[in-house]
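*Asks:* Dropping in input_24.cif, which is mmCIF, C-alpha atoms and all ligand atoms:
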data_upload
#
loop_
_atom_site.label_atom_id
_atom_site.label_comp_id
_atom_site.auth_asym_id
_atom_site.auth_seq_id
_atom_site.Cartn_x
_atom_site.Cartn_y
_atom_site.Cartn_z
CA MET A 25 0.00 0.00 0.00
CA ASN A 26 1.43 3.38 -1.04
CA ARG A 27 2.00 5.54 2.04
CA VAL A 28 4.49 8.08 0.68
CA GLN A 29 2.65 11.16 1.90
CA SER A 30 2.02 9.62 5.33
CA GLU A 31 5.73 8.81 5.67
CA LYS A 32 6.64 12.41 4.77
CA LEU A 33 4.15 13.78 7.29
CA CYS A 34 5.41 11.39 9.93
CA ALA A 35 8.99 12.57 9.44
CA GLU A 36 7.81 16.17 9.74
CA ALA A 37 5.63 15.43 12.78
CA LEU A 38 8.54 13.75 14.57
CA LYS A 39 10.43 17.07 14.47
CA TYR A 40 7.78 18.94 16.43
CA ILE A 41 5.61 16.43 18.34
CA PRO A 42 6.95 13.80 20.77
CA GLY A 43 6.76 10.50 18.89
CA GLY A 44 4.99 12.40 16.09
CA VAL A 45 1.63 11.94 17.80
CA ASN A 46 -0.62 13.78 20.20
CA SER A 47 -1.60 10.55 21.92
CA PRO A 48 0.77 7.56 22.27
CA VAL A 49 -1.57 4.79 21.08
CA ARG A 50 -1.62 6.40 17.63
CA ALA A 51 2.11 5.83 17.16
CA PHE A 52 1.96 2.16 16.00
CA ARG A 53 4.77 1.39 18.47
CA ALA A 54 2.94 -1.78 19.52
CA VAL A 55 2.65 -3.09 15.96
CA GLY A 56 5.71 -1.58 14.26
CA GLY A 57 5.93 0.76 11.32
CA ASN A 58 4.75 4.36 11.21
CA PRO A 59 1.21 5.61 11.60
CA PHE A 60 -0.64 6.71 8.51
CA PHE A 61 -2.20 10.18 8.43
CA VAL A 62 -5.90 10.73 7.78
CA ASN A 63 -7.59 13.86 6.53
CA ARG A 64 -11.01 12.52 5.50
CA ALA A 65 -13.56 10.10 6.91
CA SER A 66 -17.16 9.22 6.18
CA GLY A 67 -19.38 6.47 7.51
CA SER A 68 -17.37 3.30 8.19
CA LYS A 69 -14.48 4.48 5.98
CA ILE A 70 -11.37 6.59 6.44
CA TRP A 71 -8.98 7.76 3.71
CA ASP A 72 -5.30 8.33 4.40
CA VAL A 73 -3.41 11.21 2.81
CA ASP A 74 -2.23 8.84 0.05
CA GLY A 75 -5.85 8.14 -0.88
CA ASN A 76 -6.01 4.61 0.54
CA GLU A 77 -9.54 3.69 1.69
CA LEU A 78 -9.85 1.71 4.90
CA ILE A 79 -12.75 0.18 6.79
CA ASP A 80 -12.33 1.74 10.24
CA TYR A 81 -12.86 -0.33 13.42
CA VAL A 82 -11.20 2.25 15.72
CA LEU A 83 -13.77 5.02 15.08
CA THR A 84 -11.61 7.63 16.87
CA TRP A 85 -11.52 5.18 19.86
CA GLY A 86 -15.29 5.02 20.18
CA PRO A 87 -17.01 8.39 19.59
CA ALA A 88 -17.96 7.75 15.94
CA ILE A 89 -20.72 5.29 16.87
CA LEU A 90 -22.82 6.52 13.91
CA GLY A 91 -19.78 6.38 11.63
CA HIS A 92 -17.69 9.37 10.61
CA ALA A 93 -19.06 12.74 9.44
CA HIS A 94 -22.69 11.84 10.09
CA PRO A 95 -24.74 14.52 8.29
CA LYS A 96 -26.76 15.34 11.42
CA ILE A 97 -23.61 15.88 13.48
CA ILE A 98 -21.96 18.00 10.80
CA ALA A 99 -25.11 20.13 10.46
CA ALA A 100 -25.38 20.55 14.25
CA VAL A 101 -21.73 21.59 14.53
CA LYS A 102 -22.03 24.07 11.65
CA ALA A 103 -25.20 25.63 13.11
CA ALA A 104 -23.66 25.92 16.58
CA ALA A 105 -20.39 27.36 15.24
CA GLU A 106 -22.27 30.11 13.41
CA LEU A 107 -23.46 31.32 16.84
CA GLY A 108 -20.02 31.42 18.45
CA THR A 109 -17.48 28.80 19.52
CA SER A 110 -17.48 29.26 23.28
CA PHE A 111 -19.09 31.54 25.81
CA GLY A 112 -17.78 30.59 29.25
CA ILE A 113 -21.33 31.43 30.28
CA PRO A 114 -24.08 28.82 30.77
CA ASN A 115 -25.74 27.96 27.47
CA PRO A 116 -29.05 26.15 26.80
CA LEU A 117 -27.37 23.12 25.20
CA GLU A 118 -25.68 22.27 28.49
CA VAL A 119 -29.09 21.94 30.11
CA THR A 120 -30.41 19.80 27.25
CA MET A 121 -27.38 17.50 27.50
CA ALA A 122 -27.59 17.21 31.28
CA LYS A 123 -31.31 16.41 31.17
CA LEU A 124 -30.80 13.78 28.46
CA ILE A 125 -27.99 12.03 30.35
CA CYS A 126 -30.12 11.99 33.53
CA GLU A 127 -33.06 10.57 31.54
CA LEU A 128 -30.97 7.84 29.91
CA VAL A 129 -28.97 6.84 33.00
CA PRO A 130 -31.29 6.49 36.04
CA SER A 131 -28.35 6.33 38.49
CA VAL A 132 -27.42 9.88 37.41
CA GLN A 133 -29.51 12.57 39.09
CA LYS A 134 -26.99 15.33 38.39
CA VAL A 135 -24.09 15.53 35.94
CA ARG A 136 -21.12 17.83 35.33
CA MET A 137 -19.48 18.16 31.91
CA THR A 138 -15.71 18.16 31.38
CA SER A 139 -13.52 18.23 28.27
CA SER A 140 -12.09 14.71 28.47
CA GLY A 141 -12.61 11.31 30.04
CA THR A 142 -9.47 11.82 32.09
CA GLU A 143 -10.92 14.93 33.68
CA ALA A 144 -14.20 13.11 34.34
CA CYS A 145 -12.44 10.21 36.12
CA MET A 146 -10.09 12.49 38.05
CA SER A 147 -13.05 14.56 39.23
CA ALA A 148 -15.15 11.52 40.15
CA ILE A 149 -12.31 10.21 42.34
CA ARG A 150 -11.94 13.58 44.07
CA LEU A 151 -15.69 13.73 44.63
CA ALA A 152 -15.80 10.19 46.06
CA ARG A 153 -13.02 11.12 48.47
CA GLY A 154 -14.78 14.35 49.43
CA PHE A 155 -18.11 12.60 49.97
CA THR A 156 -16.75 9.67 52.03
CA ARG A 157 -13.90 11.65 53.66
CA ARG A 158 -11.72 8.64 52.90
CA ASP A 159 -8.50 8.48 50.83
CA LYS A 160 -8.08 4.99 49.39
CA ILE A 161 -9.26 4.05 45.90
CA ILE A 162 -9.40 0.57 44.36
CA LYS A 163 -8.70 0.19 40.65
CA PHE A 164 -8.04 -2.93 38.59
CA ASP A 165 -4.91 -3.84 36.66
CA GLY A 166 -5.35 -3.30 32.95
CA CYS A 167 -8.14 -0.80 33.46
CA TYR A 168 -7.42 2.68 32.13
CA HIS A 169 -9.15 5.77 33.44
CA GLY A 170 -7.17 8.41 31.58
CA HIS A 171 -3.77 9.71 32.58
CA VAL A 172 -4.68 10.74 36.14
CA ASP A 173 -1.54 10.64 38.30
CA SER A 174 -3.12 8.54 41.03
CA LEU A 175 -4.60 6.07 38.53
CA LEU A 176 -1.54 5.55 36.32
CA VAL A 177 -0.82 2.41 38.28
CA ARG A 178 -0.86 -0.85 36.34
CA ALA A 179 -3.03 1.01 33.86
CA GLY A 180 -4.19 -0.25 30.51
CA SER A 181 -4.35 1.23 26.99
CA GLY A 182 -1.16 2.99 25.95
CA ALA A 183 0.36 2.65 29.41
CA LEU A 184 0.16 -1.15 29.08
CA THR A 185 1.07 -1.11 25.40
CA PHE A 186 4.34 0.66 26.06
CA GLY A 187 5.18 -1.33 29.16
CA HIS A 188 4.86 1.65 31.49
CA PRO A 189 1.68 0.76 33.36
CA ASP A 190 3.20 2.77 36.21
CA SER A 191 4.21 6.02 34.51
CA ALA A 192 7.43 7.86 35.24
CA GLY A 193 6.93 11.28 36.79
CA VAL A 194 4.28 10.15 39.27
CA PRO A 195 5.63 10.46 42.84
CA ALA A 196 5.00 7.40 45.01
CA ALA A 197 3.11 9.67 47.37
CA PHE A 198 0.51 10.27 44.65
CA THR A 199 -0.30 6.57 44.34
CA GLN A 200 0.04 5.47 47.94
CA HIS A 201 -3.74 5.52 48.33
CA THR A 202 -4.34 3.53 45.14
CA ILE A 203 -4.97 -0.19 45.64
CA VAL A 204 -4.64 -2.23 42.43
CA LEU A 205 -6.38 -5.59 42.23
CA PRO A 206 -6.82 -8.26 39.55
CA TYR A 207 -10.10 -7.92 37.59
CA ASN A 208 -12.76 -10.61 38.05
CA ASP A 209 -11.19 -11.76 41.36
CA VAL A 210 -13.79 -11.63 44.17
CA GLU A 211 -11.43 -12.86 46.90
CA ALA A 212 -8.90 -10.10 46.16
CA VAL A 213 -11.58 -7.43 46.65
CA LYS A 214 -12.84 -9.06 49.88
CA ALA A 215 -9.27 -9.12 51.23
CA ALA A 216 -8.70 -5.46 50.30
CA PHE A 217 -11.83 -4.34 52.14
CA ALA A 218 -10.99 -6.51 55.15
CA ALA A 219 -7.52 -4.97 55.34
CA ASN A 220 -8.79 -1.41 54.82
CA LYS A 221 -12.06 -1.31 56.75
CA ASN A 222 -13.86 2.05 56.42
CA GLN A 223 -10.84 3.53 54.60
CA ILE A 224 -11.83 2.98 50.97
CA ALA A 225 -13.50 5.96 49.28
CA GLY A 226 -14.45 3.94 46.26
CA ILE A 227 -13.84 1.43 43.52
CA ILE A 228 -13.37 2.75 40.01
CA ILE A 229 -13.87 0.15 37.31
CA GLU A 230 -14.47 -0.23 33.60
CA PRO A 231 -17.59 -2.45 33.76
CA VAL A 232 -16.41 -4.03 30.50
CA PRO A 233 -12.66 -3.38 30.28
CA GLY A 234 -11.67 -2.14 26.83
CA ASN A 235 -8.11 -1.04 27.57
CA ALA A 236 -6.34 -4.38 27.73
CA GLY A 237 -8.14 -5.60 24.64
CA LEU A 238 -11.67 -6.54 25.70
CA TYR A 239 -12.89 -8.94 28.32
CA LEU A 240 -16.12 -9.26 30.27
CA PRO A 241 -17.09 -9.30 33.94
CA LYS A 242 -17.73 -12.84 35.18
CA PRO A 243 -21.39 -13.52 36.12
CA GLY A 244 -22.15 -11.91 39.49
CA TYR A 245 -18.89 -9.95 39.67
CA LEU A 246 -20.37 -6.47 39.20
CA GLU A 247 -23.24 -7.29 41.59
CA PHE A 248 -20.64 -8.36 44.16
CA LEU A 249 -18.78 -5.04 43.80
CA SER A 250 -22.03 -3.14 44.30
CA GLU A 251 -22.79 -5.11 47.47
CA ILE A 252 -19.35 -4.92 49.05
CA THR A 253 -19.03 -1.16 48.45
CA LYS A 254 -22.47 -0.53 49.97
CA ALA A 255 -21.63 -2.68 53.01
CA ASP A 256 -18.45 -0.69 53.66
CA GLY A 257 -19.77 2.79 52.87
CA ALA A 258 -17.55 3.10 49.80
CA LEU A 259 -18.76 4.31 46.41
CA LEU A 260 -18.92 2.26 43.22
CA ILE A 261 -17.72 4.34 40.24
CA PHE A 262 -18.43 2.94 36.76
CA ASP A 263 -16.04 4.35 34.21
CA GLU A 264 -18.33 4.36 31.18
CA VAL A 265 -16.20 6.64 29.04
CA MET A 266 -16.01 3.82 26.48
CA THR A 267 -19.14 1.75 27.27
CA GLY A 268 -21.54 4.63 27.97
CA PHE A 269 -24.42 4.95 25.49
CA ARG A 270 -22.72 2.22 23.41
CA LEU A 271 -23.48 -1.06 25.18
CA ALA A 272 -27.09 0.11 25.67
CA ARG A 273 -28.95 3.43 25.76
CA GLY A 274 -28.03 3.59 29.46
CA GLY A 275 -24.59 2.04 28.96
CA ALA A 276 -23.09 -1.01 30.66
CA GLN A 277 -25.02 -0.28 33.84
CA GLU A 278 -28.27 -0.82 31.93
CA ARG A 279 -26.90 -3.89 30.12
CA PHE A 280 -25.75 -5.53 33.36
CA ARG A 281 -28.50 -4.02 35.55
CA ILE A 282 -26.16 -2.45 38.11
CA THR A 283 -26.68 0.90 39.84
CA PRO A 284 -23.30 2.54 40.51
CA ASP A 285 -22.99 5.55 42.81
CA LEU A 286 -21.06 7.62 40.27
CA SER A 287 -20.43 7.18 36.56
CA THR A 288 -18.04 8.80 34.12
CA PHE A 289 -18.69 9.34 30.44
CA GLY A 290 -16.96 10.65 27.31
CA LYS A 291 -16.51 9.76 23.63
CA VAL A 292 -20.12 9.14 22.39
CA ILE A 293 -21.52 12.18 24.25
CA GLY A 294 -19.12 14.41 22.33
CA GLY A 295 -19.82 13.05 18.86
CA GLY A 296 -16.09 13.37 18.16
CA LEU A 297 -15.53 16.67 19.95
CA PRO A 298 -13.68 17.01 23.27
CA VAL A 299 -16.14 16.01 26.01
CA GLY A 300 -16.27 14.08 29.28
CA ALA A 301 -18.83 14.00 32.06
CA PHE A 302 -19.38 12.54 35.51
CA GLY A 303 -22.64 12.12 37.36
CA GLY A 304 -24.48 10.35 40.12
CA ARG A 305 -26.84 10.84 43.04
CA ALA A 306 -27.65 14.47 43.83
CA GLU A 307 -26.51 14.04 47.46
CA ILE A 308 -23.01 13.26 46.13
CA MET A 309 -22.92 15.66 43.17
CA ASP A 310 -24.10 18.60 45.29
CA LEU A 311 -20.76 18.51 47.14
CA LEU A 312 -19.23 20.04 44.01
CA ALA A 313 -18.40 23.74 43.84
CA PRO A 314 -20.11 26.15 43.77
CA LEU A 315 -22.54 24.34 46.12
CA GLY A 316 -20.03 22.35 48.15
CA PRO A 317 -16.38 21.98 49.15
CA VAL A 318 -15.14 19.72 46.32
CA TYR A 319 -13.59 21.97 43.69
CA GLN A 320 -13.79 21.07 39.99
CA ALA A 321 -13.78 23.36 36.94
CA GLY A 322 -13.08 23.71 33.20
CA THR A 323 -12.92 26.64 30.77
CA LEU A 324 -14.53 24.68 27.95
CA SER A 325 -16.76 22.36 30.00
CA GLY A 326 -20.18 22.27 28.28
CA ASN A 327 -18.79 23.96 25.17
CA PRO A 328 -21.75 24.70 22.86
CA ILE A 329 -20.26 23.07 19.77
CA ALA A 330 -19.29 19.91 21.65
CA MET A 331 -22.77 19.81 23.20
CA ALA A 332 -24.37 20.22 19.77
CA ALA A 333 -22.28 17.35 18.35
CA GLY A 334 -22.93 15.10 21.34
CA LEU A 335 -26.66 15.79 21.34
CA ALA A 336 -26.91 15.06 17.61
CA ASN A 337 -25.04 11.77 18.22
CA LEU A 338 -27.29 10.75 21.11
CA GLN A 339 -30.55 11.82 19.50
CA GLU A 340 -29.78 9.88 16.30
CA LEU A 341 -28.83 6.84 18.39
CA LEU A 342 -32.17 7.03 20.19
CA ASP A 343 -34.32 7.70 17.15
CA GLY A 344 -33.94 4.49 15.20
CA GLY A 345 -32.93 0.89 15.70
CA ALA A 346 -29.29 1.81 16.30
CA TYR A 347 -28.77 -0.50 19.26
CA CYS A 348 -30.31 -3.53 17.53
CA LYS A 349 -28.12 -2.86 14.48
CA LEU A 350 -24.97 -2.57 16.62
CA GLU A 351 -25.79 -5.90 18.32
CA GLU A 352 -26.46 -7.62 14.97
CA LEU A 353 -23.23 -6.35 13.40
CA GLY A 354 -21.31 -7.44 16.51
CA GLU A 355 -22.80 -10.93 16.28
CA GLN A 356 -22.01 -11.10 12.55
CA LEU A 357 -18.40 -10.08 13.14
CA GLU A 358 -18.05 -12.54 16.02
CA ALA A 359 -19.36 -15.46 13.97
CA GLY A 360 -17.19 -14.56 10.99
CA MET A 361 -13.99 -14.06 12.97
CA LYS A 362 -14.46 -17.34 14.83
CA ASP A 363 -15.01 -19.13 11.52
CA ALA A 364 -11.91 -17.44 10.10
CA ALA A 365 -9.77 -18.68 13.01
CA LYS A 366 -11.20 -22.18 12.64
CA SER A 367 -10.51 -22.28 8.91
CA ALA A 368 -6.96 -21.02 9.50
CA LYS A 369 -6.54 -23.53 12.33
CA ILE A 370 -4.99 -20.97 14.71
CA PRO A 371 -6.02 -20.30 18.31
CA VAL A 372 -7.94 -17.04 18.61
CA GLN A 373 -10.09 -15.82 21.49
CA PHE A 374 -12.53 -13.37 19.94
CA ASN A 375 -14.09 -11.44 22.83
CA VAL A 376 -17.13 -9.30 22.07
CA CYS A 377 -19.71 -7.26 23.96
CA GLY A 378 -22.27 -5.59 21.71
CA SER A 379 -20.27 -3.42 19.30
CA MET A 380 -16.93 -3.69 21.15
CA PHE A 381 -14.52 -6.53 20.40
CA CYS A 382 -10.96 -7.83 20.49
CA SER A 383 -8.98 -10.73 18.99
CA TYR A 384 -6.42 -12.40 21.27
CA PHE A 385 -4.08 -14.93 19.67
CA THR A 386 -4.22 -17.54 22.41
CA SER A 387 -6.07 -20.79 23.03
CA ALA A 388 -7.00 -19.96 26.65
CA PRO A 389 -9.98 -17.76 27.52
CA VAL A 390 -9.16 -14.14 28.47
CA HIS A 391 -10.86 -12.87 31.64
CA ASN A 392 -8.28 -10.33 32.87
CA VAL A 393 -5.05 -8.63 31.92
CA ALA A 394 -2.87 -11.54 33.11
CA ASP A 395 -4.68 -13.77 30.59
CA ALA A 396 -4.36 -11.07 27.92
CA MET A 397 -0.60 -10.88 28.47
CA LYS A 398 -0.32 -14.56 27.49
CA SER A 399 -1.57 -13.86 23.97
CA ASP A 400 0.87 -14.03 21.04
CA ARG A 401 1.64 -10.41 20.26
CA GLU A 402 3.91 -11.26 17.34
CA ARG A 403 0.95 -12.90 15.68
CA PHE A 404 -1.20 -9.89 16.54
CA LYS A 405 1.32 -7.55 14.86
CA LYS A 406 1.37 -9.62 11.66
CA PHE A 407 -2.42 -9.87 11.72
CA PHE A 408 -2.78 -6.11 12.20
CA HIS A 409 -0.53 -5.28 9.23
CA GLY A 410 -2.01 -8.00 7.03
CA MET A 411 -5.47 -6.54 7.61
CA LEU A 412 -4.24 -2.97 7.18
CA ASP A 413 -2.57 -3.76 3.86
CA ALA A 414 -5.88 -5.27 2.74
CA GLY A 415 -7.76 -2.06 3.66
CA ILE A 416 -9.04 -2.88 7.14
CA TYR A 417 -7.94 -0.79 10.14
CA PHE A 418 -8.07 -2.50 13.52
CA ALA A 419 -6.74 -0.88 16.73
CA PRO A 420 -2.91 -0.71 16.50
CA SER A 421 -2.39 -2.53 19.80
CA GLN A 422 -3.36 -5.82 21.38
CA PHE A 423 -4.42 -3.82 24.42
CA GLU A 424 -7.21 -1.85 22.84
CA SER A 425 -10.82 -2.60 21.95
CA GLY A 426 -12.29 -2.48 18.44
CA PHE A 427 -15.57 -0.69 17.71
CA ILE A 428 -18.41 -1.06 15.21
CA SER A 429 -20.69 1.77 14.11
CA THR A 430 -24.20 1.89 12.67
CA ALA A 431 -22.54 2.94 9.41
CA HIS A 432 -20.78 -0.43 9.06
CA THR A 433 -22.54 -2.62 6.54
CA THR A 434 -22.95 -6.36 6.20
CA ALA A 435 -20.66 -6.05 3.18
CA ASP A 436 -18.00 -4.37 5.37
CA ILE A 437 -18.20 -7.22 7.86
CA GLU A 438 -18.12 -9.86 5.10
CA LYS A 439 -15.02 -8.27 3.55
CA THR A 440 -13.43 -8.08 7.01
CA VAL A 441 -13.99 -11.72 7.92
CA ARG A 442 -13.05 -12.96 4.44
CA THR A 443 -9.79 -11.01 4.68
CA ALA A 444 -9.21 -12.18 8.24
CA ALA A 445 -9.47 -15.82 7.13
CA LYS A 446 -6.84 -15.19 4.44
CA VAL A 447 -4.48 -13.24 6.72
CA MET A 448 -4.82 -15.71 9.59
CA ARG A 449 -3.65 -18.47 7.27
CA THR A 450 -0.35 -16.59 6.81
CA LEU A 451 0.33 -16.19 10.55
P1 LIG A 501 -9.71 10.70 27.47
O1 LIG A 501 -9.02 11.56 28.52
O2 LIG A 501 -8.71 10.06 26.50
O3 LIG A 501 -10.85 11.45 26.75
O4 LIG A 501 -10.45 9.51 28.23
C1 LIG A 501 -9.69 8.69 29.09
C2 LIG A 501 -10.39 7.34 29.26
C3 LIG A 501 -11.05 7.09 30.45
N1 LIG A 501 -11.70 5.92 30.65
C4 LIG A 501 -11.73 4.96 29.68
C5 LIG A 501 -12.46 3.68 29.94
C6 LIG A 501 -11.07 5.17 28.44
O5 LIG A 501 -11.09 4.20 27.50
C7 LIG A 501 -10.40 6.39 28.22
C8 LIG A 501 -9.65 6.68 26.93
N2 LIG A 501 -9.59 5.62 25.98
C9 LIG A 501 -8.42 5.58 25.15
C10 LIG A 501 -8.55 4.35 24.24
N3 LIG A 501 -8.27 3.18 24.94
C11 LIG A 501 -8.24 6.83 24.38
C12 LIG A 501 -7.27 6.74 23.22
C13 LIG A 501 -6.03 7.56 23.50
O6 LIG A 501 -5.52 7.53 24.65
O7 LIG A 501 -5.55 8.21 22.52
#
Can you turn what I pasted into structure tokens?
Ligand code: KE4
*Replies:*
Amino acid sequence: MNRVQSEKLCAEALKYIPGGVNSPVRAFRAVGGNPFFVNRASGSKIWDVDGNELIDYVLTWGPAILGHAHPKIIAAVKAAAELGTSFGIPNPLEVTMAKLICELVPSVQKVRMTSSGTEACMSAIRLARGFTRRDKIIKFDGCYHGHVDSLLVRAGSGALTFGHPDSAGVPAAFTQHTIVLPYNDVEAVKAAFAANKNQIAGIIIEPVPGNAGLYLPKPGYLEFLSEITKADGALLIFDEVMTGFRLARGGAQERFRITPDLSTFGKVIGGGLPVGAFGGRAEIMDLLAPLGPVYQAGTLSGNPIAMAAGLANLQELLDGGAYCKLEELGEQLEAGMKDAAKSAKIPVQFNVCGSMFCSYFTSAPVHNVADAMKSDRERFKKFFHGMLDAGIYFAPSQFESGFISTAHTTADIEKTVRTAAKVMRTL
């Protein structure tokens, strides 16, 4: 595949941007080679600067759930931009967005917008500590909640990809209150609470982890976390930045019928523009400034253009059969990828939850990051490039989730699984 222009841009970018990228996972370090550059996208397709068309299963890491450049989002952004790009003064769209999130997610009685998922998670942790007057936080290895100092401990996504799950530059003092446990391990959580009675402010968890590839909560695991936090007076924080409004209208908490105390959101609610949010019971949220003592702020929080894009995304998702279509496409991809692995006679664990998925090249099931680390990453690299050269873009790391949009067609999925069968035979 001709990537001359991308290579030129990459060389230029490396002069001015660390690693040539504004976010590490884009750098292809996990799969080798240089990233391609994109300047156009529509529906399920992206085009790189050399004109190569690709079926996109990264979808800007989740936000493009309707596919790229959806006409209703573009129109909403244009209309909002005509009226001004930012006011720093409350605007009506912030109220519309807050009301919609509260309607869709019953556990959220009040919500505060931010400009990223990192900010949302950082703020939710601070709020949980302010509400409980406790310091300790439990997170799970392989889960990623943005690049918050106190949570960059055995984190997933790029941190895991680059082998720095505990980032440099984070003083030990900043993580001394962070307890990291294996995901899907009930006994480990029981032991942590027993050893830290009435000291844990909360658990923050990706209900369906998508930052070490993708794996699912074991039956009863999320219910157990809800019970043990309630019993100890700790809060349960669902990080739904990736799963929110994707795995169901009300996110993973609707899909798995769990009521967390706080939730964080991002991606889908921004329709591709910079947005995050965190919300929960009013008695907790009302501790936030200007009402209460927990400070949190943001110049561009609730930005009118981001609100317009996010609202257009959500409203379109709610209007039609989007969620049924996402489930169907996920099932089609799952069936096809499993058949491809069988025909190629190589061990693949294809994990899927609705429209999120991941292929692990291993014969053993993957239920946590320790299992994920056993997968054959050399095979993953070859698979990634084989698919890319055939015009299909999967996430450039074993430790990321793939995404499907309502713009993906049956033909896209058929081409993908047909190609996968061919590429897997070369691995
Ligand atoms: P942002 O600060 O990147 O908007 O959100 C952080 C975040 C928080 N929680 C979860 C569950 C997330 O998945 C993320 C961000 N996801 C990554 C993809 N794995 C963003 C991609 C990137 O870092 O460039």
*Asks:* Residues within 6 Å of ligand LIG 501 (chain A) (only C-alpha atoms and all ligand atoms), as JSON, numbers by chain?
*Replies:* {"A": [47, 49, 85, 140, 141, 142, 168, 169, 170, 181, 230, 235, 263, 265, 266, 424]}
*Asks:* Would you list the residues near (-14.5, -11.2, 23.4), meaning any protein, DNA or RNA residue with an atom at most 8 Å from that point in file coordinates, counting only C-alpha atoms, as number ranges by chain?
*Replies:* A: 238-240, 373-377, 381-383, 390
*Asks:* Mind giving me the straight-line distance from CA of Gly303 (chain A) to CA of Lys134 (chain A) in Å, one decimal?
*Replies:*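 It comes out at 5.5 Å.
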*Asks:* Nearest to Thr386 (chain A): which of A:Met309, A:Val372, A:Val447, A:Leu297 is it, counting only C-alpha atoms?
*Replies:*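 Checking each candidate against Thr386 (chain A), we get A:Val372 as the closest.
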*Asks:* Can you work out the spacing between CA of Leu357 (chain A) and CA of Thr434 (chain A) in Å, to one decimal?
*Replies:*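 Here the two named atoms are 9.1 Å from each other.
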*Asks:* Fewer than 6 positions away in the same chain doesn't count, so skip those; otherwise give me all residues within 12 Å of Gly193 (chain A), counting only C-alpha atoms, as number ranges by chain.
*Replies:* A: 171-174, 176-177, 199
*Asks:* Would you mind putting back all heavy atoms on region 412-416 of chain A, then writing it out as a short mmCIF file (atom, residue, chain, number, x, y, z; two decimals), keeping the file's coordinate frame?
*Replies:*
data_model
loop_
_atom_site.label_atom_id
_atom_site.label_comp_id
_atom_site.auth_asym_id
_atom_site.auth_seq_id
_atom_site.Cartn_x
_atom_site.Cartn_y
_atom_site.Cartn_z
N LEU A 412 -4.39 -4.37 7.62
CA LEU A 412 -4.24 -2.97 7.18
C LEU A 412 -3.90 -2.91 5.69
O LEU A 412 -4.48 -2.12 4.95
CB LEU A 412 -3.17 -2.27 8.01
CG LEU A 412 -2.95 -0.78 7.73
CD1 LEU A 412 -4.22 0.02 8.04
CD2 LEU A 412 -1.77 -0.24 8.54
N ASP A 413 -2.96 -3.78 5.28
CA ASP A 413 -2.57 -3.76 3.86
C ASP A 413 -3.73 -4.16 2.94
O ASP A 413 -3.74 -3.82 1.76
CB ASP A 413 -1.37 -4.71 3.63
CG ASP A 413 -0.11 -4.18 4.29
OD1 ASP A 413 -0.07 -2.96 4.62
OD2 ASP A 413 0.83 -4.97 4.52
N ALA A 414 -4.70 -4.86 3.53
CA ALA A 414 -5.88 -5.27 2.74
C ALA A 414 -7.03 -4.27 2.89
O ALA A 414 -8.15 -4.51 2.44
CB ALA A 414 -6.34 -6.65 3.19
N GLY A 415 -6.75 -3.12 3.58
CA GLY A 415 -7.76 -2.06 3.66
C GLY A 415 -8.69 -2.13 4.85
O GLY A 415 -9.81 -1.60 4.82
N ILE A 416 -8.22 -2.79 5.93
CA ILE A 416 -9.04 -2.88 7.14
C ILE A 416 -8.22 -2.43 8.35
O ILE A 416 -7.14 -2.99 8.62
CB ILE A 416 -9.57 -4.31 7.34
CG1 ILE A 416 -10.57 -4.62 6.21
CG2 ILE A 416 -10.25 -4.47 8.69
CD1 ILE A 416 -10.63 -6.03 5.80
#
